[in-house]
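Below: structure.pdb (PDB, C-alpha atoms)
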```
ATOM      1  CA  MET A   1      68.249  13.649  18.202
ATOM      2  CA  SER A   2      69.542  10.533  20.009
ATOM      3  CA  LYS A   3      68.867   7.029  18.750
ATOM      4  CA  THR A   4      66.596   6.385  21.736
ATOM      5  CA  ASN A   5      64.474   9.454  20.978
ATOM      6  CA  THR A   6      64.376   8.555  17.287
ATOM      7  CA  LYS A   7      63.069   5.060  18.043
ATOM      8  CA  LEU A   8      60.545   6.486  20.497
ATOM      9  CA  TRP A   9      59.188   8.869  17.870
ATOM     10  CA  ALA A  10      59.059   5.989  15.387
ATOM     11  CA  ILE A  11      56.945   3.969  17.818
ATOM     12  CA  VAL A  12      54.637   6.945  18.335
ATOM     13  CA  ALA A  13      54.399   7.398  14.550
ATOM     14  CA  ILE A  14      53.375   3.794  13.913
ATOM     15  CA  LEU A  15      50.831   3.857  16.741
ATOM     16  CA  ILE A  16      49.278   7.002  15.261
ATOM     17  CA  ALA A  17      49.266   5.327  11.847
ATOM     18  CA  ILE A  18      47.417   2.264  13.185
ATOM     19  CA  VAL A  19      44.820   4.379  14.966
ATOM     20  CA  SER A  20      44.445   6.622  11.899
ATOM     21  CA  VAL A  21      43.687   3.684   9.585
ATOM     22  CA  GLN A  22      40.971   2.367  11.875
ATOM     23  CA  LEU A  23      39.504   5.817  12.486
ATOM     24  CA  GLY A  24      39.191   6.114   8.720
ATOM     25  CA  ALA A  25      37.322   2.805   8.662
ATOM     26  CA  THR A  26      34.933   3.891  11.437
ATOM     27  CA  LEU A  27      34.272   7.132   9.557
ATOM     28  CA  GLY A  28      33.616   5.101   6.430
ATOM     29  CA  LYS A  29      31.009   2.967   8.185
ATOM     30  CA  HIS A  30      29.034   6.132   8.922
ATOM     31  CA  LEU A  31      28.652   6.632   5.152
ATOM     32  CA  PHE A  32      27.268   3.156   4.463
ATOM     33  CA  PRO A  33      23.617   4.130   5.071
ATOM     34  CA  LEU A  34      24.015   7.023   2.591
ATOM     35  CA  ILE A  35      26.058   5.615  -0.299
ATOM     36  CA  GLY A  36      26.750   1.971   0.568
ATOM     37  CA  ALA A  37      30.076   0.162   0.818
ATOM     38  CA  ALA A  38      30.941   0.558  -2.875
ATOM     39  CA  GLY A  39      30.203   4.281  -2.820
ATOM     40  CA  THR A  40      32.257   4.722   0.349
ATOM     41  CA  THR A  41      35.168   2.844  -1.225
ATOM     42  CA  ALA A  42      35.008   5.121  -4.263
ATOM     43  CA  VAL A  43      35.043   8.228  -2.073
ATOM     44  CA  ARG A  44      37.953   6.905  -0.037
ATOM     45  CA  GLN A  45      40.022   5.917  -3.067
ATOM     46  CA  PHE A  46      39.409   9.228  -4.818
ATOM     47  CA  PHE A  47      40.496  11.449  -1.930
ATOM     48  CA  ALA A  48      43.296   9.108  -0.854
ATOM     49  CA  THR A  49      44.668   9.171  -4.396
ATOM     50  CA  ALA A  50      44.515  12.967  -4.490
ATOM     51  CA  ALA A  51      46.361  13.231  -1.163
ATOM     52  CA  LEU A  52      49.058  10.708  -2.113
ATOM     53  CA  LEU A  53      49.625  12.302  -5.523
ATOM     54  CA  ILE A  54      50.138  15.671  -3.852
ATOM     55  CA  VAL A  55      52.517  14.247  -1.241
ATOM     56  CA  PHE A  56      54.661  11.962  -3.429
ATOM     57  CA  ARG A  57      54.347  13.678  -6.880
ATOM     58  CA  PRO A  58      55.009  10.523  -8.943
ATOM     59  CA  TRP A  59      55.166  12.523 -12.171
ATOM     60  CA  GLN A  60      58.605  13.733 -11.069
ATOM     61  CA  GLY A  61      61.023  10.982 -12.011
ATOM     62  CA  GLY A  62      58.194   8.494 -12.480
ATOM     63  CA  PRO A  63      58.560   4.816 -13.445
ATOM     64  CA  GLU A  64      59.663   3.608 -16.852
ATOM     65  CA  ARG A  65      56.978   2.516 -19.287
ATOM     66  CA  ARG A  66      57.916  -1.160 -18.925
ATOM     67  CA  HIS A  67      56.883  -1.021 -15.254
ATOM     68  CA  TRP A  68      53.331   0.164 -15.921
ATOM     69  CA  PRO A  69      51.777  -3.324 -16.332
ATOM     70  CA  VAL A  70      52.856  -4.482 -12.860
ATOM     71  CA  LEU A  71      51.729  -1.139 -11.429
ATOM     72  CA  GLY A  72      48.340  -1.684 -13.067
ATOM     73  CA  LEU A  73      48.076  -5.148 -11.498
ATOM     74  CA  TYR A  74      49.144  -3.698  -8.149
ATOM     75  CA  GLY A  75      46.418  -1.061  -8.393
ATOM     76  CA  ALA A  76      43.741  -3.566  -9.433
ATOM     77  CA  ILE A  77      44.536  -5.779  -6.424
ATOM     78  CA  LEU A  78      44.492  -2.732  -4.159
ATOM     79  CA  GLY A  79      41.108  -1.630  -5.486
ATOM     80  CA  ILE A  80      39.484  -5.045  -5.132
ATOM     81  CA  MET A  81      40.959  -5.462  -1.643
ATOM     82  CA  ASN A  82      39.525  -2.169  -0.416
ATOM     83  CA  LEU A  83      36.146  -2.787  -2.058
ATOM     84  CA  VAL A  84      35.568  -6.256  -0.597
ATOM     85  CA  PHE A  85      36.898  -5.149   2.799
ATOM     86  CA  TYR A  86      34.411  -2.277   2.983
ATOM     87  CA  MET A  87      31.674  -4.625   1.820
ATOM     88  CA  SER A  88      32.570  -6.914   4.723
ATOM     89  CA  LEU A  89      32.428  -3.953   7.138
ATOM     90  CA  ALA A  90      28.810  -3.436   6.145
ATOM     91  CA  ARG A  91      27.999  -6.892   7.547
ATOM     92  CA  ILE A  92      30.391  -7.662  10.428
ATOM     93  CA  PRO A  93      32.134  -5.662  13.204
ATOM     94  CA  LEU A  94      35.300  -3.744  12.350
ATOM     95  CA  GLY A  95      37.540  -5.697  14.740
ATOM     96  CA  ILE A  96      36.383  -9.037  13.342
ATOM     97  CA  ALA A  97      36.845  -7.899   9.733
ATOM     98  CA  VAL A  98      40.398  -6.693  10.388
ATOM     99  CA  ALA A  99      41.271  -9.909  12.240
ATOM    100  CA  LEU A 100      39.968 -12.046   9.369
ATOM    101  CA  GLU A 101      41.759  -9.882   6.800
ATOM    102  CA  PHE A 102      45.021 -10.474   8.676
ATOM    103  CA  SER A 103      44.864 -14.104   7.514
ATOM    104  CA  GLY A 104      46.388 -12.938   4.215
ATOM    105  CA  PRO A 105      49.655 -11.358   5.403
ATOM    106  CA  LEU A 106      49.853 -13.962   8.153
ATOM    107  CA  ALA A 107      49.849 -16.741   5.553
ATOM    108  CA  VAL A 108      52.552 -14.965   3.530
ATOM    109  CA  ALA A 109      54.738 -14.535   6.622
ATOM    110  CA  ILE A 110      54.334 -18.151   7.737
ATOM    111  CA  PHE A 111      54.908 -19.640   4.280
ATOM    112  CA  GLY A 112      58.059 -17.522   3.991
ATOM    113  CA  SER A 113      59.544 -19.082   7.130
ATOM    114  CA  ARG A 114      60.594 -22.648   7.850
ATOM    115  CA  LYS A 115      60.927 -22.814  11.620
ATOM    116  CA  TRP A 116      59.306 -25.233  14.051
ATOM    117  CA  SER A 117      57.678 -22.328  15.854
ATOM    118  CA  ASP A 118      55.567 -21.700  12.746
ATOM    119  CA  PHE A 119      53.357 -24.604  13.795
ATOM    120  CA  ILE A 120      52.480 -22.680  16.951
ATOM    121  CA  TRP A 121      51.460 -19.578  14.969
ATOM    122  CA  VAL A 122      49.506 -21.665  12.475
ATOM    123  CA  GLY A 123      47.669 -23.315  15.365
ATOM    124  CA  CYS A 124      46.809 -19.936  16.929
ATOM    125  CA  ALA A 125      45.627 -18.509  13.592
ATOM    126  CA  VAL A 126      43.535 -21.568  12.707
ATOM    127  CA  ALA A 127      41.981 -21.603  16.182
ATOM    128  CA  GLY A 128      41.096 -17.912  15.898
ATOM    129  CA  LEU A 129      39.614 -18.329  12.428
ATOM    130  CA  LEU A 130      37.616 -21.402  13.439
ATOM    131  CA  ILE A 131      36.089 -19.470  16.324
ATOM    132  CA  LEU A 132      35.080 -16.627  13.997
ATOM    133  CA  LEU A 133      33.540 -18.792  11.285
ATOM    134  CA  PRO A 134      29.712 -18.627  11.339
ATOM    135  CA  TRP A 135      28.989 -22.151  12.536
ATOM    136  CA  THR A 136      25.621 -21.202  14.036
ATOM    137  CA  GLN A 137      22.881 -18.667  13.409
ATOM    138  CA  GLY A 138      22.107 -17.819  17.030
ATOM    139  CA  ALA A 139      22.732 -14.625  18.975
ATOM    140  CA  GLY A 140      26.135 -13.126  18.234
ATOM    141  CA  ALA A 141      26.592 -15.185  15.051
ATOM    142  CA  LEU A 142      28.489 -13.443  12.273
ATOM    143  CA  ASP A 143      27.072 -12.830   8.811
ATOM    144  CA  PRO A 144      28.507 -15.601   6.535
ATOM    145  CA  LEU A 145      28.875 -13.307   3.527
ATOM    146  CA  GLY A 146      30.626 -10.679   5.654
ATOM    147  CA  VAL A 147      33.100 -13.298   6.899
ATOM    148  CA  ALA A 148      33.691 -14.556   3.341
ATOM    149  CA  LEU A 149      34.305 -11.029   2.046
ATOM    150  CA  ALA A 150      36.819 -10.310   4.829
ATOM    151  CA  LEU A 151      38.674 -13.523   3.974
ATOM    152  CA  VAL A 152      38.697 -12.537   0.285
ATOM    153  CA  ALA A 153      40.185  -9.213   1.367
ATOM    154  CA  GLY A 154      42.857 -11.234   3.183
ATOM    155  CA  VAL A 155      43.650 -13.150  -0.009
ATOM    156  CA  CYS A 156      43.931  -9.827  -1.838
ATOM    157  CA  TRP A 157      46.221  -8.508   0.902
ATOM    158  CA  ALA A 158      48.497 -11.530   0.413
ATOM    159  CA  ALA A 159      48.574 -10.870  -3.340
ATOM    160  CA  TYR A 160      49.173  -7.178  -2.619
ATOM    161  CA  ILE A 161      52.267  -8.073  -0.561
ATOM    162  CA  ILE A 162      53.697 -10.362  -3.246
ATOM    163  CA  VAL A 163      53.064  -7.962  -6.141
ATOM    164  CA  GLY A 164      53.970  -4.959  -3.997
ATOM    165  CA  GLN A 165      57.435  -6.393  -3.347
ATOM    166  CA  LYS A 166      58.004  -6.588  -7.107
ATOM    167  CA  VAL A 167      56.749  -3.041  -7.542
ATOM    168  CA  GLY A 168      58.935  -1.818  -4.688
ATOM    169  CA  ASP A 169      62.008  -3.263  -6.389
ATOM    170  CA  ARG A 170      61.295  -1.160  -9.492
ATOM    171  CA  VAL A 171      59.587   2.015  -8.281
ATOM    172  CA  HIS A 172      60.200   4.214  -5.200
ATOM    173  CA  GLY A 173      57.759   3.225  -2.430
ATOM    174  CA  GLY A 174      55.833   6.495  -2.156
ATOM    175  CA  LYS A 175      55.491   6.930  -5.895
ATOM    176  CA  ALA A 176      54.469   3.286  -6.309
ATOM    177  CA  VAL A 177      51.643   3.569  -3.771
ATOM    178  CA  ALA A 178      50.419   6.880  -5.228
ATOM    179  CA  LEU A 179      50.296   5.392  -8.731
ATOM    180  CA  GLY A 180      48.785   2.153  -7.427
ATOM    181  CA  MET A 181      46.025   4.137  -5.744
ATOM    182  CA  ALA A 182      45.427   6.023  -8.991
ATOM    183  CA  PHE A 183      45.034   2.737 -10.873
ATOM    184  CA  SER A 184      42.766   1.358  -8.152
ATOM    185  CA  MET A 185      40.580   4.439  -8.435
ATOM    186  CA  LEU A 186      39.956   3.636 -12.117
ATOM    187  CA  PHE A 187      38.319   0.417 -10.892
ATOM    188  CA  THR A 188      36.594   1.453  -7.671
ATOM    189  CA  VAL A 189      35.157   4.832  -8.665
ATOM    190  CA  PRO A 190      33.046   3.514 -11.596
ATOM    191  CA  VAL A 191      31.749   0.687  -9.386
ATOM    192  CA  GLY A 192      30.866   3.207  -6.670
ATOM    193  CA  VAL A 193      29.151   5.544  -9.113
ATOM    194  CA  VAL A 194      26.969   2.729 -10.448
ATOM    195  CA  ALA A 195      26.144   1.448  -6.960
ATOM    196  CA  ALA A 196      25.519   4.791  -5.215
ATOM    197  CA  GLY A 197      24.080   6.801  -8.085
ATOM    198  CA  ALA A 198      23.321  10.477  -7.602
ATOM    199  CA  SER A 199      23.855  10.222  -3.836
ATOM    200  CA  LEU A 200      27.593  10.114  -4.452
ATOM    201  CA  TRP A 201      27.614  13.722  -5.677
ATOM    202  CA  SER A 202      26.206  15.284  -2.515
ATOM    203  CA  TRP A 203      28.344  18.146  -1.172
ATOM    204  CA  SER A 204      27.602  16.944   2.355
ATOM    205  CA  LEU A 205      29.850  13.931   1.686
ATOM    206  CA  LEU A 206      32.888  16.101   0.979
ATOM    207  CA  PRO A 207      34.161  16.394   4.589
ATOM    208  CA  TYR A 208      33.695  12.651   5.100
ATOM    209  CA  GLY A 209      35.521  11.851   1.872
ATOM    210  CA  ILE A 210      38.473  14.071   2.686
ATOM    211  CA  GLY A 211      38.600  12.696   6.232
ATOM    212  CA  ILE A 212      38.522   9.053   5.108
ATOM    213  CA  GLY A 213      41.130   9.587   2.407
ATOM    214  CA  ILE A 214      43.542  11.360   4.743
ATOM    215  CA  LEU A 215      42.962   9.174   7.814
ATOM    216  CA  ALA A 216      42.917   5.826   6.018
ATOM    217  CA  SER A 217      45.778   6.380   3.572
ATOM    218  CA  ALA A 218      47.716   9.651   3.480
ATOM    219  CA  ILE A 219      48.558   9.961   7.192
ATOM    220  CA  PRO A 220      49.279   6.284   7.971
ATOM    221  CA  TYR A 221      51.409   5.606   4.911
ATOM    222  CA  SER A 222      53.517   8.727   5.438
ATOM    223  CA  LEU A 223      54.048   7.857   9.111
ATOM    224  CA  GLU A 224      54.869   4.237   8.297
ATOM    225  CA  MET A 225      57.606   5.362   5.916
ATOM    226  CA  ILE A 226      59.085   7.484   8.710
ATOM    227  CA  ALA A 227      58.845   4.622  11.206
ATOM    228  CA  LEU A 228      60.459   2.072   8.882
ATOM    229  CA  LYS A 229      63.537   4.263   8.565
ATOM    230  CA  ALA A 230      64.016   4.426  12.333
ATOM    231  CA  MET A 231      63.125   0.945  13.614
ATOM    232  CA  PRO A 232      63.974  -2.678  12.738
ATOM    233  CA  ALA A 233      61.608  -4.346  10.292
ATOM    234  CA  LYS A 234      60.594  -6.973  12.870
ATOM    235  CA  THR A 235      59.678  -4.280  15.385
ATOM    236  CA  PHE A 236      57.544  -2.617  12.734
ATOM    237  CA  GLY A 237      55.780  -5.881  11.909
ATOM    238  CA  LEU A 238      55.270  -6.680  15.578
ATOM    239  CA  MET A 239      53.574  -3.331  16.182
ATOM    240  CA  MET A 240      51.367  -3.767  13.126
ATOM    241  CA  SER A 241      50.047  -6.918  14.800
ATOM    242  CA  LEU A 242      48.191  -4.635  17.201
ATOM    243  CA  GLU A 243      45.865  -3.510  14.419
ATOM    244  CA  PRO A 244      43.038  -6.028  15.016
ATOM    245  CA  ALA A 245      42.953  -5.066  18.702
ATOM    246  CA  VAL A 246      42.877  -1.347  17.901
ATOM    247  CA  ALA A 247      40.113  -1.967  15.365
ATOM    248  CA  ALA A 248      38.072  -3.942  17.896
ATOM    249  CA  VAL A 249      38.457  -1.269  20.585
ATOM    250  CA  LEU A 250      37.566   1.598  18.236
ATOM    251  CA  GLY A 251      34.648  -0.424  16.907
ATOM    252  CA  LEU A 252      33.411  -0.809  20.464
ATOM    253  CA  VAL A 253      33.957   2.822  21.509
ATOM    254  CA  ILE A 254      32.894   4.650  18.346
ATOM    255  CA  LEU A 255      30.564   2.234  16.545
ATOM    256  CA  HIS A 256      29.226   0.448  19.661
ATOM    257  CA  GLU A 257      30.039  -2.938  18.134
ATOM    258  CA  LEU A 258      29.956  -5.451  20.973
ATOM    259  CA  LEU A 259      32.027  -8.609  20.622
ATOM    260  CA  THR A 260      31.388 -11.776  22.582
ATOM    261  CA  PRO A 261      34.128 -13.076  24.921
ATOM    262  CA  LEU A 262      34.792 -15.874  22.429
ATOM    263  CA  GLN A 263      35.232 -13.374  19.600
ATOM    264  CA  TRP A 264      37.677 -11.347  21.703
ATOM    265  CA  LEU A 265      39.597 -14.587  22.275
ATOM    266  CA  ALA A 266      39.677 -15.208  18.517
ATOM    267  CA  VAL A 267      41.035 -11.711  17.861
ATOM    268  CA  ALA A 268      43.680 -12.258  20.547
ATOM    269  CA  LEU A 269      44.742 -15.575  18.992
ATOM    270  CA  ILE A 270      45.138 -13.965  15.559
ATOM    271  CA  ILE A 271      47.191 -11.143  17.109
ATOM    272  CA  ILE A 272      49.434 -13.695  18.822
ATOM    273  CA  ALA A 273      49.841 -15.597  15.550
ATOM    274  CA  SER A 274      50.659 -12.414  13.639
ATOM    275  CA  ALA A 275      53.124 -11.155  16.241
ATOM    276  CA  GLY A 276      54.805 -14.538  16.564
ATOM    277  CA  SER A 277      55.156 -15.110  12.835
ATOM    278  CA  THR A 278      56.569 -11.609  12.432
ATOM    279  CA  MET A 279      59.309 -12.308  14.965
ATOM    280  CA  THR A 280      60.347 -15.499  13.156
ATOM    281  CA  SER A 281      59.979 -14.366   9.534
ATOM    282  CA  LYS A 282      62.348 -12.390   7.351
ATOM    283  CA  ARG A 283      59.908  -9.648   6.402
ATOM    284  CA  PRO A 284      57.012  -7.985   8.209
ATOM    285  CA  PRO A 285      53.520  -8.017   6.764
ATOM    286  CA  ALA A 286      52.941  -5.098   4.414
ATOM    287  CA  GLU A 287      50.282  -2.621   5.390
ATOM    288  CA  PRO A 288      47.428  -1.981   2.922
ATOM    289  CA  VAL A 289      46.729   1.595   2.131
TER     290      VAL A 289
END
```
Represent the structure from my file as structure tokens, please.
Amino acid sequence: MSKTNTKLWAIVAILIAIVSVQLGATLGKHLFPLIGAAGTTAVRQFFATAALLIVFRPWQGGPERRHWPVLGLYGAILGIMNLVFYMSLARIPLGIAVALEFSGPLAVAIFGSRKWSDFIWVGCAVAGLLILLPWTQGAGALDPLGVALALVAGVCWAAYIIVGQKVGDRVHGGKAVALGMAFSMLFTVPVGVVAAGASLWSWSLLPYGIGIGILASAIPYSLEMIALKAMPAKTFGLMMSLEPAVAAVLGLVILHELLTPLQWLAVALIIIASAGSTMTSKRPPAEPV
């Protein structure tokens, strides 16, 4: 296969990965009325862990014992990030939640660069965030707690990137994520069981759980690994900047979540900030699983 065809397939792979992640989120929102955000997170983490363990088989040539503490921290951050993000989805539109969550990796990318152009990206990001903050309580106003939870998820995403880089230096990427998901499940599943109760054990949830786990984690992470091997890191990061837009569009089409023109502008500003900072930073934002 020629280099041109390889890069084309890599672009297709990352686009599918982005859509897959957000389809998993839209599917998850359909479970909220049945088992709540915590229960949905538990279902997602359980099936995502099962899929990733099957794909990457971390028990074969797994990490040394001295690496387990950082893997445990990595998993705890991952679990909290997914839990608070799903809790935010219960209160605000998908596109807005993803845009707000992007503040985390955006901050990491900007702080890791020292170029004059960073001031432009900071200005775009701050403008977008200021627009999205719930200044009023009128029509179209966002839920303050939902906004706060999405921003907390962004902080967790930033911590996930920093800790994940340390994990990646010690453990193979696929195995690290599979083990991190397993550790995160130890945190999220008990919380989900307590919050959802007996409803969590309904057989009718099984197709949803498998779908969320595969769409939100197994498929995108596998495709991202393929894409990273065939395209420059900056191209990868630039394409990941499309995620808030994809989330907003899928939220509109599937969940019928209408955004105001000002909110669309805010999402666009955050995308511009993310794309711009990616092009001027050394590393692209890492994608949460």
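Between atom CA of A:Trp264 and atom CA of A:Leu250 there is a distance of 13.4 Å.
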Query raised in the report: Counting all atoms listed in the file, what is within 6 Å of stretch 22-37 of chain A, bar same-chain residues fewer than 5 positions away, as a PyMOL selection string?
Result: chain A and resi 86-87+196+212+215-216+247
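The smallest atom-to-atom distance between A:Leu259 and any of A:Ser20, A:Trp157, A:Gly276, A:Leu132, using only C-alpha atoms, is found for A:Leu132.
Excluding A:Leu89 itself and same-chain residues fewer than 5 positions from it, the residues having an atom within 9 Å of it are A:Ala25, A:Lys29, A:Ala37, A:Val84, A:Leu94, A:Ile96, A:Ala97, A:Gly146, A:Leu149, A:Ala150, counting all atoms listed in the file.
Once A:Ala42 and its same-chain neighbours fewer than 3 positions away are set aside, Ala37, Ala38, Gly39, Gln45, Phe46, Phe47, Leu83, Met185, Phe187, Thr188, Val189, Pro190, Val191, Gly192, Val193 and Leu200 of chain A remain within 9 Å of it when counting only C-alpha atoms.
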Query - Residue contacts of A:Ala76 (10 Å, all atoms listed in the file) excluding same-chain residues fewer than 6 positions away, as a list in words - result: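 Here the answer would be Val70, Cys156, Tyr160, Gly180, Met181, Ala182, Phe183, Ser184, Met185, Leu186, Phe187 and Thr188 of chain A.
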Work out where the centre of an axis-aligned box around every listed atom of stretch 201-207 of chain A lies and how long its edges are once 6 Å is added on each side; give both in Å to one decimal as lines of an AutoDock Vina configuration file.
```
center_x = 30.2
center_y = 15.9
center_z = -0.5
size_x = 20.0
size_y = 16.4
size_z = 22.3
```
